[in-house]
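Chemist: Let me give you the structure first, and then I'll get to my questions.
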Amino acid sequence: MALLVVLPGLLLAWAVWKVLCTVWWKPLRIQRWLRKQGIHGPSYQLFFGNTRETMSGFYEASSQPMTLSHKIAPRVLAYFYQVAKEYGKVTVVWYGSTPVVLVASQELAKEILANKSGHFLKTPPPPSLRPLVTGTISYDGEKWAVHRKILNPAFYFEQIKGMLPAFSFSSSEVLKKWVKLTAVNGSCELDVFAEMQTLTEFVMSKMLFGKDEEKGKRLFQIQKEQAERGFQALWKMQLPGFGFFPTEESLRTEKLNQEATTILQDITRQRMKEMEIDDARSGDLLTLLLEAYMIDNDPNEPESFKKVGISMDEVVEECKVFYFAGQGTTAVLLTWTMVVLAMHPEWQVRAREEVLQICGNEIPTFDVLNQLKMVTMVLCEVLRLYPPVGMLGRLASKKMKLGNFEIPAGLQLLLLTQLIHHDPELWGDDSKVFKPERFSEGVANASKHQVVFFPFSWGSRVCIGQNFSMVEAKVVLAMILQEFSFELAPSYSHAPSPVLTLQPQHGAHLILHKI
């Protein structure tokens, strides 16, 4: 009887102790450890850490447009920018009771991205973003190596070369629409961000789904809503354990994910039937994934890659992430390129002169693209100033040395690409100035330091689709420059916003002039 009386009290005391360890003792112990290493930052606050400051910083930054300049880090990084400014290039903030070390040091970023020991893992995505941040980009170790090996052939240059008709056709369709809109007055105002989303959505639908373009359009709409909801949920404060309760928001998120999964399952089933009837292989991403799904054991493969076929669930997850990342990254790159060239008309003229001199009025061929040096320089400088993803997350798998610091296992690191790309110590006093000639001798010679330019990440985890994105961007930009000049519309508001990718918060309204 006495045990029955005492036991509930012991269980309650144990539960209280566990909570205190999680939200108080452990964070303070880690904070002391990091400060001894010289990693400082705002002090930990019970339960919420620095989440409230992060939220208020983001909402304050996004509450109004900024002045027309390329000094976007204070707006895009908000609270993280202020912390780095106050505490240095390696500092720590608290997301709830979880410490996150912010890294704006080029040397440490290089060490982390090189990841030669394999001990810096991808940071697991928060629950609100898991439907989008999935597949290969979220894997580590052998599973990542297997999936990367399967996907690589879809992004070989020969395969990308075969996508040029899709690039040029989608560009032609958009340009035909623009020609009609400018037919009356010779000019018109357009939100080019919406136009670039439509264009790149068509290309990704072709690459992944072939003829199923309507389903691709619906998937684009779903993922756009998922990204907006996921990013908003990321900055909402919740008490520990609250996320397990169903809410209207979580139910809507689950419904969207199920619809996206159903669309892709239907497409994959149809493609498998086509593959069974016709042995010909198109070489597109979905076909490669399905071939891996149906793979036989090849005795010539290394032992680590034997019987490595992937599951149907993994096929679906890969399609989700590549559709979202492939469409979104190129769309924002093209959008910011047009905005920046509208801000700097002298470079727009120089890029157009190069395109007309090399291509004339013909659609650029794959071989011609390598001759567009000015266009390449412009795109690289836009990627430096407006990287599509301004932060990269990593996780320390074990206690290890990082530079002069000793960091504990499980520590999350957030590489601030945006700050490294704008660092005057690396790029000079004009680091926030649009200066494409930095890249006149190639990326490797754009700065005195190596690995200071990594808009698509770097090292073994470099984005598999970076060449695809750059080729698509060159083709589209060249075709636009052949037909139109453009300037900022009076209604344009300069408001870069990090909604997973760096998007114009209020669109990108430009006035197009038919040449």
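Quick note on naming: the chains in the structure tokens go A, B, ... in the order shown, residues restart at 1 in each chain, and ligands are numbered from 1 in order of appearance.
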Excluding stretch 102-109 of chain A and any residue of its chain fewer than 4 positions from it, enumerate the residues within 9 Å of it, using only C-alpha atoms, and give them as a ChimeraX atom specification.
Modeler: /A:80,83-84,88-93,113-114,402-403,412-420,423,426,449-452
Chemist: Excluding A:Gln226 and residues on its chain fewer than 5 positions from it, collect all residues at most 9 Å away from it, counting only C-alpha atoms, and give them as a list in words.
Modeler: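 So, after excluding close chain neighbours, the residues are Ser128, Leu129, Pro131, Leu132, Gln221, Phe231, Thr253, Leu256 and Asn257 of chain A.
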Chemist: At a cut-off of 9 Å, can you tabulate as JSON lines every residue of stretch 165-234 of chain A near stretch 482-490 of chain A together with its closest atom pair and the distance in Å to one decimal, using only C-alpha atoms and ordering rows by chain then number?
Modeler:
```
{"residue": "A:Leu175", "atom": "CA", "partner": "A:Glu483", "partner_atom": "CA", "distance": 7.9}
{"residue": "A:Val179", "atom": "CA", "partner": "A:Glu483", "partner_atom": "CA", "distance": 8.5}
{"residue": "A:Glu189", "atom": "CA", "partner": "A:Ala489", "partner_atom": "CA", "distance": 6.9}
{"residue": "A:Leu190", "atom": "CA", "partner": "A:Ala489", "partner_atom": "CA", "distance": 8.6}
```
Chemist: Measure the distance from atom CA of A:Gly96 to atom CA of A:Arg75 in Å and round it to one decimal.
Modeler: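 Separating atom CA of A:Gly96 from atom CA of A:Arg75 is a distance of 22.4 Å.
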Chemist: A:Lys320, A:Arg252, A:Lys85, A:Lys143: which is nearest A:Ser205, counting only C-alpha atoms?
Modeler: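 Result for the nearest residue to A:Ser205: A:Lys320.
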Chemist: What's around A:Arg352 at 12 Å? Count only C-alpha atoms, leave out sequence neighbours fewer than 6 positions away in its own chain, and write the answer as an MDAnalysis selection string.
Modeler: chainID A and resid 341 345:346 358:361 372:375 378 477:486 515
Chemist: Go ahead and dump the residues you just picked, N, CA and C atoms, as a PDB file, in the first residue's frame.
Modeler:
```pdb
ATOM      1  N   LEU A 341      19.437  43.405 -63.450  1.00  0.00           N
ATOM      2  CA  LEU A 341      19.755  44.027 -64.743  1.00  0.00           C
ATOM      3  C   LEU A 341      18.871  45.248 -65.009  1.00  0.00           C
ATOM      4  N   PRO A 345      21.109  49.069 -65.920  1.00  0.00           N
ATOM      5  CA  PRO A 345      20.844  48.959 -67.375  1.00  0.00           C
ATOM      6  C   PRO A 345      22.100  48.878 -68.225  1.00  0.00           C
ATOM      7  N   GLU A 346      23.221  49.430 -67.728  1.00  0.00           N
ATOM      8  CA  GLU A 346      24.453  49.362 -68.518  1.00  0.00           C
ATOM      9  C   GLU A 346      24.906  47.908 -68.696  1.00  0.00           C
ATOM     10  N   ILE A 358      26.771  36.838 -80.620  1.00  0.00           N
ATOM     11  CA  ILE A 358      27.102  35.407 -80.692  1.00  0.00           C
ATOM     12  C   ILE A 358      25.948  34.576 -81.243  1.00  0.00           C
ATOM     13  N   CYS A 359      24.718  34.907 -80.830  1.00  0.00           N
ATOM     14  CA  CYS A 359      23.554  34.094 -81.211  1.00  0.00           C
ATOM     15  C   CYS A 359      22.717  34.720 -82.311  1.00  0.00           C
ATOM     16  N   GLY A 360      22.847  36.023 -82.491  1.00  0.00           N
ATOM     17  CA  GLY A 360      21.933  36.716 -83.392  1.00  0.00           C
ATOM     18  C   GLY A 360      20.521  36.598 -82.851  1.00  0.00           C
ATOM     19  N   ASN A 361      19.578  36.262 -83.700  1.00  0.00           N
ATOM     20  CA  ASN A 361      18.203  36.044 -83.258  1.00  0.00           C
ATOM     21  C   ASN A 361      17.849  34.564 -83.183  1.00  0.00           C
ATOM     22  N   LEU A 372      28.992  32.555 -74.022  1.00  0.00           N
ATOM     23  CA  LEU A 372      28.312  33.708 -73.419  1.00  0.00           C
ATOM     24  C   LEU A 372      28.977  34.069 -72.088  1.00  0.00           C
ATOM     25  N   LYS A 373      30.162  34.636 -72.169  1.00  0.00           N
ATOM     26  CA  LYS A 373      30.955  34.957 -70.977  1.00  0.00           C
ATOM     27  C   LYS A 373      30.288  36.043 -70.128  1.00  0.00           C
ATOM     28  N   MET A 374      29.775  37.075 -70.776  1.00  0.00           N
ATOM     29  CA  MET A 374      29.152  38.176 -70.056  1.00  0.00           C
ATOM     30  C   MET A 374      27.903  37.690 -69.317  1.00  0.00           C
ATOM     31  N   VAL A 375      27.109  36.876 -69.976  1.00  0.00           N
ATOM     32  CA  VAL A 375      25.899  36.329 -69.348  1.00  0.00           C
ATOM     33  C   VAL A 375      26.269  35.480 -68.143  1.00  0.00           C
ATOM     34  N   VAL A 378      27.290  37.703 -65.226  1.00  0.00           N
ATOM     35  CA  VAL A 378      26.109  38.327 -64.618  1.00  0.00           C
ATOM     36  C   VAL A 378      25.393  37.339 -63.705  1.00  0.00           C
ATOM     37  N   LEU A 477      17.587  33.489 -70.210  1.00  0.00           N
ATOM     38  CA  LEU A 477      18.028  34.889 -70.171  1.00  0.00           C
ATOM     39  C   LEU A 477      18.448  35.370 -71.555  1.00  0.00           C
ATOM     40  N   ALA A 478      19.166  34.539 -72.295  1.00  0.00           N
ATOM     41  CA  ALA A 478      19.591  34.929 -73.640  1.00  0.00           C
ATOM     42  C   ALA A 478      18.393  35.200 -74.541  1.00  0.00           C
ATOM     43  N   MET A 479      17.374  34.352 -74.455  1.00  0.00           N
ATOM     44  CA  MET A 479      16.200  34.525 -75.306  1.00  0.00           C
ATOM     45  C   MET A 479      15.395  35.764 -74.907  1.00  0.00           C
ATOM     46  N   ILE A 480      15.368  36.082 -73.613  1.00  0.00           N
ATOM     47  CA  ILE A 480      14.687  37.302 -73.165  1.00  0.00           C
ATOM     48  C   ILE A 480      15.419  38.540 -73.684  1.00  0.00           C
ATOM     49  N   LEU A 481      16.762  38.523 -73.559  1.00  0.00           N
ATOM     50  CA  LEU A 481      17.552  39.677 -73.994  1.00  0.00           C
ATOM     51  C   LEU A 481      17.444  39.902 -75.497  1.00  0.00           C
ATOM     52  N   GLN A 482      17.230  38.853 -76.265  1.00  0.00           N
ATOM     53  CA  GLN A 482      17.063  38.993 -77.717  1.00  0.00           C
ATOM     54  C   GLN A 482      15.798  39.754 -78.076  1.00  0.00           C
ATOM     55  N   GLU A 483      14.781  39.649 -77.233  1.00  0.00           N
ATOM     56  CA  GLU A 483      13.454  40.172 -77.567  1.00  0.00           C
ATOM     57  C   GLU A 483      13.065  41.450 -76.824  1.00  0.00           C
ATOM     58  N   PHE A 484      13.587  41.604 -75.582  1.00  0.00           N
ATOM     59  CA  PHE A 484      13.067  42.672 -74.730  1.00  0.00           C
ATOM     60  C   PHE A 484      14.173  43.392 -73.973  1.00  0.00           C
ATOM     61  N   SER A 485      13.913  44.652 -73.692  1.00  0.00           N
ATOM     62  CA  SER A 485      14.629  45.379 -72.650  1.00  0.00           C
ATOM     63  C   SER A 485      13.644  45.557 -71.500  1.00  0.00           C
ATOM     64  N   PHE A 486      14.142  45.854 -70.301  1.00  0.00           N
ATOM     65  CA  PHE A 486      13.240  45.927 -69.152  1.00  0.00           C
ATOM     66  C   PHE A 486      13.799  46.871 -68.099  1.00  0.00           C
ATOM     67  N   ILE A 515      11.857  45.011 -78.262  1.00  0.00           N
ATOM     68  CA  ILE A 515      12.952  45.579 -79.059  1.00  0.00           C
ATOM     69  C   ILE A 515      12.582  45.553 -80.542  1.00  0.00           C
TER      70      ILE A 515
END
```
Chemist: Mind pulling up the distance from atom CA of A:Gly410 to atom CA of A:His147?
Modeler: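 Pair atom CA of A:His147 / atom CA of A:Gly410 returns 24.5 Å.
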Chemist: Please provide the set of residues having any atom within 12 Å of stretch 36-45 of chain A, restricted to only C-alpha atoms, with same-chain residues fewer than 2 positions apart removed, written as a VMD selection string.
Modeler: chain A and resid 23 to 34 47 to 54 79 to 80 82 to 103 401 to 408
Chemist: I need the chosen residues saved as an mmCIF file, in the first residue's frame, with C-alpha atoms.
Modeler:
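What follows is the written file result_10.cif:
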```
data_model
loop_
_atom_site.group_PDB
_atom_site.id
_atom_site.type_symbol
_atom_site.label_atom_id
_atom_site.label_comp_id
_atom_site.auth_asym_id
_atom_site.auth_seq_id
_atom_site.Cartn_x
_atom_site.Cartn_y
_atom_site.Cartn_z
ATOM 1 C CA VAL A 23 14.886 22.782 -20.789
ATOM 2 C CA TRP A 24 17.273 24.104 -18.161
ATOM 3 C CA TRP A 25 20.276 22.087 -16.952
ATOM 4 C CA LYS A 26 21.402 20.682 -20.334
ATOM 5 C CA PRO A 27 21.120 24.016 -22.249
ATOM 6 C CA LEU A 28 23.056 25.847 -19.513
ATOM 7 C CA ARG A 29 25.751 23.157 -19.523
ATOM 8 C CA ILE A 30 26.120 23.443 -23.302
ATOM 9 C CA GLN A 31 26.141 27.251 -23.069
ATOM 10 C CA ARG A 32 29.024 27.122 -20.561
ATOM 11 C CA TRP A 33 30.885 24.643 -22.793
ATOM 12 C CA LEU A 34 30.517 26.852 -25.875
ATOM 13 C CA PHE A 47 11.706 27.038 -22.908
ATOM 14 C CA PHE A 48 11.835 29.395 -25.896
ATOM 15 C CA GLY A 49 15.526 30.293 -26.113
ATOM 16 C CA ASN A 50 15.871 33.146 -28.626
ATOM 17 C CA THR A 51 12.870 32.101 -30.730
ATOM 18 C CA ARG A 52 10.859 35.184 -29.813
ATOM 19 C CA GLU A 53 13.673 37.513 -30.859
ATOM 20 C CA THR A 54 14.143 35.552 -34.083
ATOM 21 C CA TYR A 79 18.035 38.537 -36.044
ATOM 22 C CA PHE A 80 20.880 36.253 -37.182
ATOM 23 C CA GLN A 82 22.325 41.292 -35.698
ATOM 24 C CA VAL A 83 23.759 38.457 -33.592
ATOM 25 C CA ALA A 84 26.657 37.890 -36.016
ATOM 26 C CA LYS A 85 27.316 41.634 -36.107
ATOM 27 C CA GLU A 86 27.484 41.802 -32.301
ATOM 28 C CA TYR A 87 29.256 38.533 -31.452
ATOM 29 C CA GLY A 88 31.365 37.731 -34.510
ATOM 30 C CA LYS A 89 31.572 35.191 -37.306
ATOM 31 C CA VAL A 90 30.984 32.198 -35.019
ATOM 32 C CA THR A 91 28.191 32.634 -32.519
ATOM 33 C CA VAL A 92 25.271 30.740 -31.017
ATOM 34 C CA VAL A 93 21.521 31.277 -30.814
ATOM 35 C CA TRP A 94 18.845 29.096 -29.211
ATOM 36 C CA TYR A 95 15.885 27.617 -31.050
ATOM 37 C CA GLY A 96 13.862 26.594 -28.015
ATOM 38 C CA SER A 97 16.287 24.531 -25.916
ATOM 39 C CA THR A 98 18.374 23.602 -28.979
ATOM 40 C CA PRO A 99 21.643 25.495 -29.567
ATOM 41 C CA VAL A 100 22.408 26.501 -33.157
ATOM 42 C CA VAL A 101 25.908 27.745 -33.954
ATOM 43 C CA LEU A 102 25.888 30.401 -36.684
ATOM 44 C CA VAL A 103 28.937 30.191 -38.956
ATOM 45 C CA LYS A 401 37.413 19.714 -33.541
ATOM 46 C CA LEU A 402 36.228 22.482 -35.827
ATOM 47 C CA GLY A 403 38.971 24.986 -36.466
ATOM 48 C CA ASN A 404 40.149 25.994 -32.999
ATOM 49 C CA PHE A 405 36.858 24.966 -31.399
ATOM 50 C CA GLU A 406 35.890 21.697 -29.781
ATOM 51 C CA ILE A 407 32.204 21.072 -30.362
ATOM 52 C CA PRO A 408 29.912 18.507 -28.722
#
```
Chemist: May I ask which of the residues A:Tyr323, A:Phe193, A:Trp458, A:Phe202 is the closest one to A:Leu502, counting only C-alpha atoms?
Modeler: A:Phe193
Chemist: Hey, what does DSSP flag as strand (DSSP E) within stretch 74-285 of chain A? Can you give it to me as a list in words?
Modeler: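 Secondary structure check on stretch 74-285 of chain A, strand (DSSP E): Val90, Thr91, Val92, Val93, Trp94, Tyr95, Thr98, Pro99, Val100, Val101, Leu102, Val103, Phe120, Leu121, Lys122, Ser187, Cys188, Glu189, Leu190 and Asp191 of chain A.
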Chemist: Can you check which residues of stretch 179-211 of chain A DSSP gives as helix (DSSP H, G or I) on the backbone and send them as a PyMOL selection string?
Modeler: chain A and resi 179-182+192-209
Chemist: Can those selected residues be exported to a file as a compact mmCIF listing (two decimals), in the first residue's frame so that it contains C-alpha atoms?
Modeler:
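This is the output file part_12.txt:
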```txt
# COMPACT_ATOMS: atom_id res chain seq x y z
CA VAL A 179 4.95 39.92 -77.37
CA LYS A 180 1.13 39.97 -77.41
CA LEU A 181 1.00 42.06 -74.23
CA THR A 182 3.42 44.63 -75.68
CA VAL A 192 8.31 38.43 -63.79
CA PHE A 193 8.54 36.22 -60.69
CA ALA A 194 5.17 34.68 -61.53
CA GLU A 195 6.27 34.34 -65.17
CA MET A 196 9.53 32.63 -64.25
CA GLN A 197 7.70 30.23 -61.94
CA THR A 198 5.40 29.24 -64.81
CA LEU A 199 8.32 28.79 -67.17
CA THR A 200 10.46 26.64 -64.86
CA GLU A 201 7.44 24.65 -63.71
CA PHE A 202 6.88 23.62 -67.33
CA VAL A 203 10.51 22.53 -67.70
CA MET A 204 10.49 20.46 -64.50
CA SER A 205 7.18 18.85 -65.48
CA LYS A 206 8.76 17.81 -68.76
CA MET A 207 11.87 16.49 -67.06
CA LEU A 208 10.08 14.51 -64.38
CA PHE A 209 6.70 13.63 -65.78
```
Chemist: For atom CA of A:Pro165 and atom CA of A:Ile363, determine how far apart the two atoms are, in Å to one decimal place.
Modeler: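 Computed distance, atom CA of A:Pro165 to atom CA of A:Ile363, equals 9.6 Å.
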Chemist: What's around A:Gln265 at 12 Å? Count only C-alpha atoms, leave out sequence neighbours fewer than 4 positions away in its own chain, and write the answer as a list in words.
Modeler: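 Near A:Gln265, the qualifying residues are Phe209, Lys215, Gln258, Glu259, Ala260, Thr261, Arg269, Gln270, Arg271, Met272, Leu286, Leu290, Met312, Asp313, Glu314, Val315, Val316, Glu317, Glu318, Cys319 and Lys320 of chain A.
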Chemist: Report as a ChimeraX atom specification all protein, DNA and RNA residues lying within 7 Å of stretch 472-475 of chain A, evaluated on only C-alpha atoms, omitting residues in the same chain fewer than 4 positions from it.
Modeler: /A:167-168,330,334,364,369,375,468,479
Chemist: Taking a cut-off of 8 Å and counting only C-alpha atoms, can you build a table that, for each residue of stretch 401-483 of chain A near stretch 150-163 of chain A, reports the nearest atom pair and how far apart they are in Å (one decimal), sorted by chain then residue number, as a tab-separated table?
Modeler:
```
residue	atom	partner	partner_atom	distance
A:Ile464	CA	A:Phe155	CA	7.1
A:Gly465	CA	A:Phe155	CA	6.5
A:Asn467	CA	A:Phe155	CA	7.5
A:Phe468	CA	A:Ile160	CA	6.1
A:Val471	CA	A:Ile160	CA	7.9
```
